[in-house]
Amino acid sequence: MKNFLYNKKTILGLRIFSAIAIFILIVVNVLTFVSGEIFLDGAININRLNTVVINFFTIVIAVFVLFFPQKFGLIAVACFLYMIKIFVWDKGNPMGIMMASLQICILYVRGFFMKHKGPKIAILSIILIALQCSRLRFGAEVLFRDLVMDMGYSFVFFFAVFFIVGFESRNRSTEKILNLALYDGLKESDVDLLNCVLNNQQYKVIAINMNKSEGAVRNRLNKIYDAIGVLDRIGFLTTFTGFDVIFKPVEQPA
């Protein structure tokens, strides 16, 4: 089993997405400067300046994801910045709630909510409510209208996610077993390593318990992650938490 978020096609898609995002954001920033939108009546347009700064920061993130696609969780940081900017400055813009929804989805698949889920959800909810209330400066009517609009957009977004997740789960095996014998280059001793990871042991602790150097443990686990198609520790945990890790060679037919 391979998590579709970590297979080669998805990694390629993330790289293509990053390259397109870099191109679009560079063009947008250049056009903003050329058109003079940064200055309004001789004064700096703070709204446009904020957009340019966030765009530049997102370009840096996109470049990083282009070379290290397994770190796509950083996109959530860009979503957070755009969310704040849109809620505070742009009334009637539904992209604020869309950015918030995308941020939550990215954080979820990257395992952000695996620990201390309650407090993290509470903090994110408080931030979102505070940002919504910031639109009171445009008037109660604007706040109410935008709130209803945001509820509609977020409902459609999560409804679509619900159908996609339901389809994926229907077509996924319910047997939660990871058989390392099915992957080239893996050994029976790798079972113990992965069980330590599933028990949330740090690499340093694993190395001490196994009388190995931390570097040797890290290198071996990276090879295992690559073999099973998850790329890193977080990818492995989000994909295989709750699985039984075994090494059972498959008998070849006579």
# chains A, B, ... in the order shown; residues from 1 in each chain; ligands from 1
>>> residues_around(residues="range 140-144 of chain A", least_positions_apart="5", cutoff="12 Å", atoms="only C-alpha atoms", output="MDAnalysis selection string")
chainID A and resid 87:88 90:93 129:135 149:151
>>> residues_around(residues="range 79-85 of chain A", least_positions_apart="5", cutoff="7 Å", atoms="only C-alpha atoms", output="list in words")
Ile54, Gly96, Met99, Ala100, Gln103 and Leu131 of chain A
>>> write_last_selection(atoms="all heavy atoms", output="mmCIF file, in the first residue's frame")
data_model
loop_
_atom_site.group_PDB
_atom_site.id
_atom_site.type_symbol
_atom_site.label_atom_id
_atom_site.label_comp_id
_atom_site.auth_asym_id
_atom_site.auth_seq_id
_atom_site.Cartn_x
_atom_site.Cartn_y
_atom_site.Cartn_z
ATOM 1 N N ILE A 54 3.576 38.805 0.610
ATOM 2 C CA ILE A 54 3.113 37.427 0.780
ATOM 3 C C ILE A 54 3.408 36.607 -0.475
ATOM 4 O O ILE A 54 3.804 35.441 -0.387
ATOM 5 C CB ILE A 54 1.611 37.391 1.120
ATOM 6 C CG1 ILE A 54 1.364 38.058 2.476
ATOM 7 C CG2 ILE A 54 1.104 35.953 1.156
ATOM 8 C CD1 ILE A 54 -0.104 38.204 2.828
ATOM 9 N N GLY A 96 -10.568 33.749 1.308
ATOM 10 C CA GLY A 96 -10.091 33.650 2.682
ATOM 11 C C GLY A 96 -10.473 32.321 3.309
ATOM 12 O O GLY A 96 -9.631 31.610 3.865
ATOM 13 N N MET A 99 -8.720 29.399 1.571
ATOM 14 C CA MET A 99 -7.340 29.233 2.049
ATOM 15 C C MET A 99 -7.325 28.563 3.418
ATOM 16 O O MET A 99 -6.467 27.714 3.705
ATOM 17 C CB MET A 99 -6.635 30.588 2.117
ATOM 18 C CG MET A 99 -6.254 31.156 0.769
ATOM 19 S SD MET A 99 -5.013 30.137 -0.052
ATOM 20 C CE MET A 99 -4.825 31.023 -1.604
ATOM 21 N N ALA A 100 -8.278 28.928 4.268
ATOM 22 C CA ALA A 100 -8.374 28.302 5.590
ATOM 23 C C ALA A 100 -8.688 26.814 5.453
ATOM 24 O O ALA A 100 -8.102 25.974 6.158
ATOM 25 C CB ALA A 100 -9.448 28.994 6.422
ATOM 26 N N GLN A 103 -5.638 24.991 4.142
ATOM 27 C CA GLN A 103 -4.648 24.894 5.216
ATOM 28 C C GLN A 103 -4.972 23.743 6.160
ATOM 29 O O GLN A 103 -4.095 22.953 6.522
ATOM 30 C CB GLN A 103 -4.619 26.205 6.001
ATOM 31 C CG GLN A 103 -3.743 26.161 7.235
ATOM 32 C CD GLN A 103 -3.989 27.343 8.142
ATOM 33 O OE1 GLN A 103 -3.072 27.980 8.618
ATOM 34 N NE2 GLN A 103 -5.249 27.658 8.398
ATOM 35 N N LEU A 131 -10.601 36.438 12.900
ATOM 36 C CA LEU A 131 -10.443 37.018 11.562
ATOM 37 C C LEU A 131 -11.797 37.364 10.957
ATOM 38 O O LEU A 131 -11.946 38.405 10.292
ATOM 39 C CB LEU A 131 -9.679 36.047 10.662
ATOM 40 C CG LEU A 131 -8.191 35.872 10.979
ATOM 41 C CD1 LEU A 131 -7.579 34.764 10.136
ATOM 42 C CD2 LEU A 131 -7.431 37.180 10.750
#
>>> atom_distance(atom1="CA of Asp244 in chain A", atom2="CA of Asn179 in chain A")
8.3 Å
>>> atom_distance(atom1="CA of Phe56 in chain A", atom2="CA of Val28 in chain A")
10.1 Å
>>> residues_around(residues="Leu194 in chain A", least_positions_apart="5", cutoff="10 Å", atoms="only C-alpha atoms", output="VMD selection string")
chain A and resid 189 199 to 201 221 224 to 225 233 236 to 237 240 244 to 246
>>> write_last_selection(atoms="N, CA, C and O atoms", output="tab-separated table (two decimals), in the first residue's frame")
chain	number	residue	atom	x	y	z
A	189	SER	N	14.84	-7.37	9.82
A	189	SER	CA	15.23	-6.48	10.92
A	189	SER	C	14.61	-5.10	10.80
A	189	SER	O	14.53	-4.35	11.78
A	199	ASN	N	5.81	3.71	17.37
A	199	ASN	CA	5.67	3.99	18.80
A	199	ASN	C	6.15	5.39	19.16
A	199	ASN	O	6.32	5.72	20.34
A	200	ASN	N	6.39	6.20	18.10
A	200	ASN	CA	6.79	7.62	18.27
A	200	ASN	C	8.13	7.78	18.99
A	200	ASN	O	8.35	8.78	19.69
A	201	GLN	N	9.02	6.81	18.82
A	201	GLN	CA	10.36	6.95	19.38
A	201	GLN	C	11.22	7.81	18.45
A	201	GLN	O	11.15	7.68	17.23
A	221	LEU	N	16.31	4.14	7.77
A	221	LEU	CA	14.88	4.46	7.71
A	221	LEU	C	14.53	5.25	6.45
A	221	LEU	O	13.46	5.04	5.86
A	224	ILE	N	14.11	2.78	3.81
A	224	ILE	CA	12.84	2.06	3.97
A	224	ILE	C	11.68	2.92	3.50
A	224	ILE	O	10.79	2.45	2.78
A	225	TYR	N	11.67	4.19	3.91
A	225	TYR	CA	10.61	5.10	3.50
A	225	TYR	C	10.52	5.18	1.98
A	225	TYR	O	9.44	5.17	1.39
A	233	ARG	N	9.38	10.42	7.64
A	233	ARG	CA	8.76	9.91	8.88
A	233	ARG	C	7.29	10.29	8.98
A	233	ARG	O	6.44	9.45	9.30
A	236	PHE	N	5.21	8.31	6.63
A	236	PHE	CA	5.03	6.94	7.10
A	236	PHE	C	3.98	6.87	8.20
A	236	PHE	O	3.09	6.00	8.18
A	237	LEU	N	4.04	7.80	9.16
A	237	LEU	CA	3.10	7.78	10.28
A	237	LEU	C	1.67	8.05	9.82
A	237	LEU	O	0.72	7.41	10.28
A	240	PHE	N	0.66	4.70	7.75
A	240	PHE	CA	0.67	3.36	8.32
A	240	PHE	C	0.42	3.30	9.83
A	240	PHE	O	0.61	2.24	10.43
A	244	ASP	N	-0.05	-3.36	11.32
A	244	ASP	CA	0.89	-4.34	11.83
A	244	ASP	C	2.01	-4.51	10.81
A	244	ASP	O	1.74	-4.80	9.63
A	245	VAL	N	3.24	-4.30	11.25
A	245	VAL	CA	4.39	-4.44	10.35
A	245	VAL	C	4.94	-5.85	10.48
A	245	VAL	O	5.28	-6.30	11.58
A	246	ILE	N	5.02	-6.55	9.36
A	246	ILE	CA	5.50	-7.93	9.37
A	246	ILE	C	6.50	-8.14	8.24
A	246	ILE	O	6.66	-7.28	7.37
>>> select_by_dssp(residues="range 3-251 of chain A", states="alpha helix (DSSP H)", output="VMD selection string")
chain A and resid 8 to 35 46 to 67 75 to 89 95 to 109 117 to 133 140 to 170 190 to 198 203 to 209 214 to 228 233 to 240
>>> closest_atom_pairs(of="range 53-110 of chain A", to="range 155-161 of chain A", cutoff="10 Å", atoms="only C-alpha atoms", output="Markdown table")
| residue | atom | partner | partner_atom | distance |
| --- | --- | --- | --- | --- |
| A:Ile97 | CA | A:Phe157 | CA | 9.7 |
| A:Met98 | CA | A:Phe157 | CA | 7.7 |
| A:Ser101 | CA | A:Phe157 | CA | 7.6 |
| A:Leu102 | CA | A:Phe157 | CA | 9.0 |
| A:Cys105 | CA | A:Val161 | CA | 9.1 |
>>> residues_around(residues="Asn47 in chain A", least_positions_apart="3", cutoff="8 Å", atoms="only C-alpha atoms", output="PyMOL selection string")
chain A and resi 50-51+89
>>> write_last_selection(atoms="C-alpha atoms", output="mmCIF file, in the first residue's frame")
data_model
loop_
_atom_site.group_PDB
_atom_site.id
_atom_site.type_symbol
_atom_site.label_atom_id
_atom_site.label_comp_id
_atom_site.auth_asym_id
_atom_site.auth_seq_id
_atom_site.Cartn_x
_atom_site.Cartn_y
_atom_site.Cartn_z
ATOM 1 C CA ASN A 50 1.032 43.109 1.748
ATOM 2 C CA THR A 51 0.027 41.054 -1.275
ATOM 3 C CA TRP A 89 -8.303 43.678 3.938
#
>>> residues_around(residues="range 208-217 of chain A", least_positions_apart="3", cutoff="12 Å", atoms="only C-alpha atoms", output="JSON, numbers by chain")
{"A": [189, 190, 192, 193, 194, 196, 197, 201, 202, 203, 204, 205, 220, 221, 222, 223, 224]}
>>> residues_around(residues="Thr32 in chain A", least_positions_apart="4", cutoff="8 Å", atoms="only C-alpha atoms", output="list in words")
Val28, Gly36, Glu37, Ile38, Arg48 and Val52 of chain A
>>> atom_distance(atom1="CA of Leu31 in chain A", atom2="CA of Phe72 in chain A")
27.2 Å
>>> closest_residue(among="A:Gly152, A:Gly235, A:Pro94, A:Gly185", to="Arg110 in chain A", atoms="only C-alpha atoms")
A:Gly235
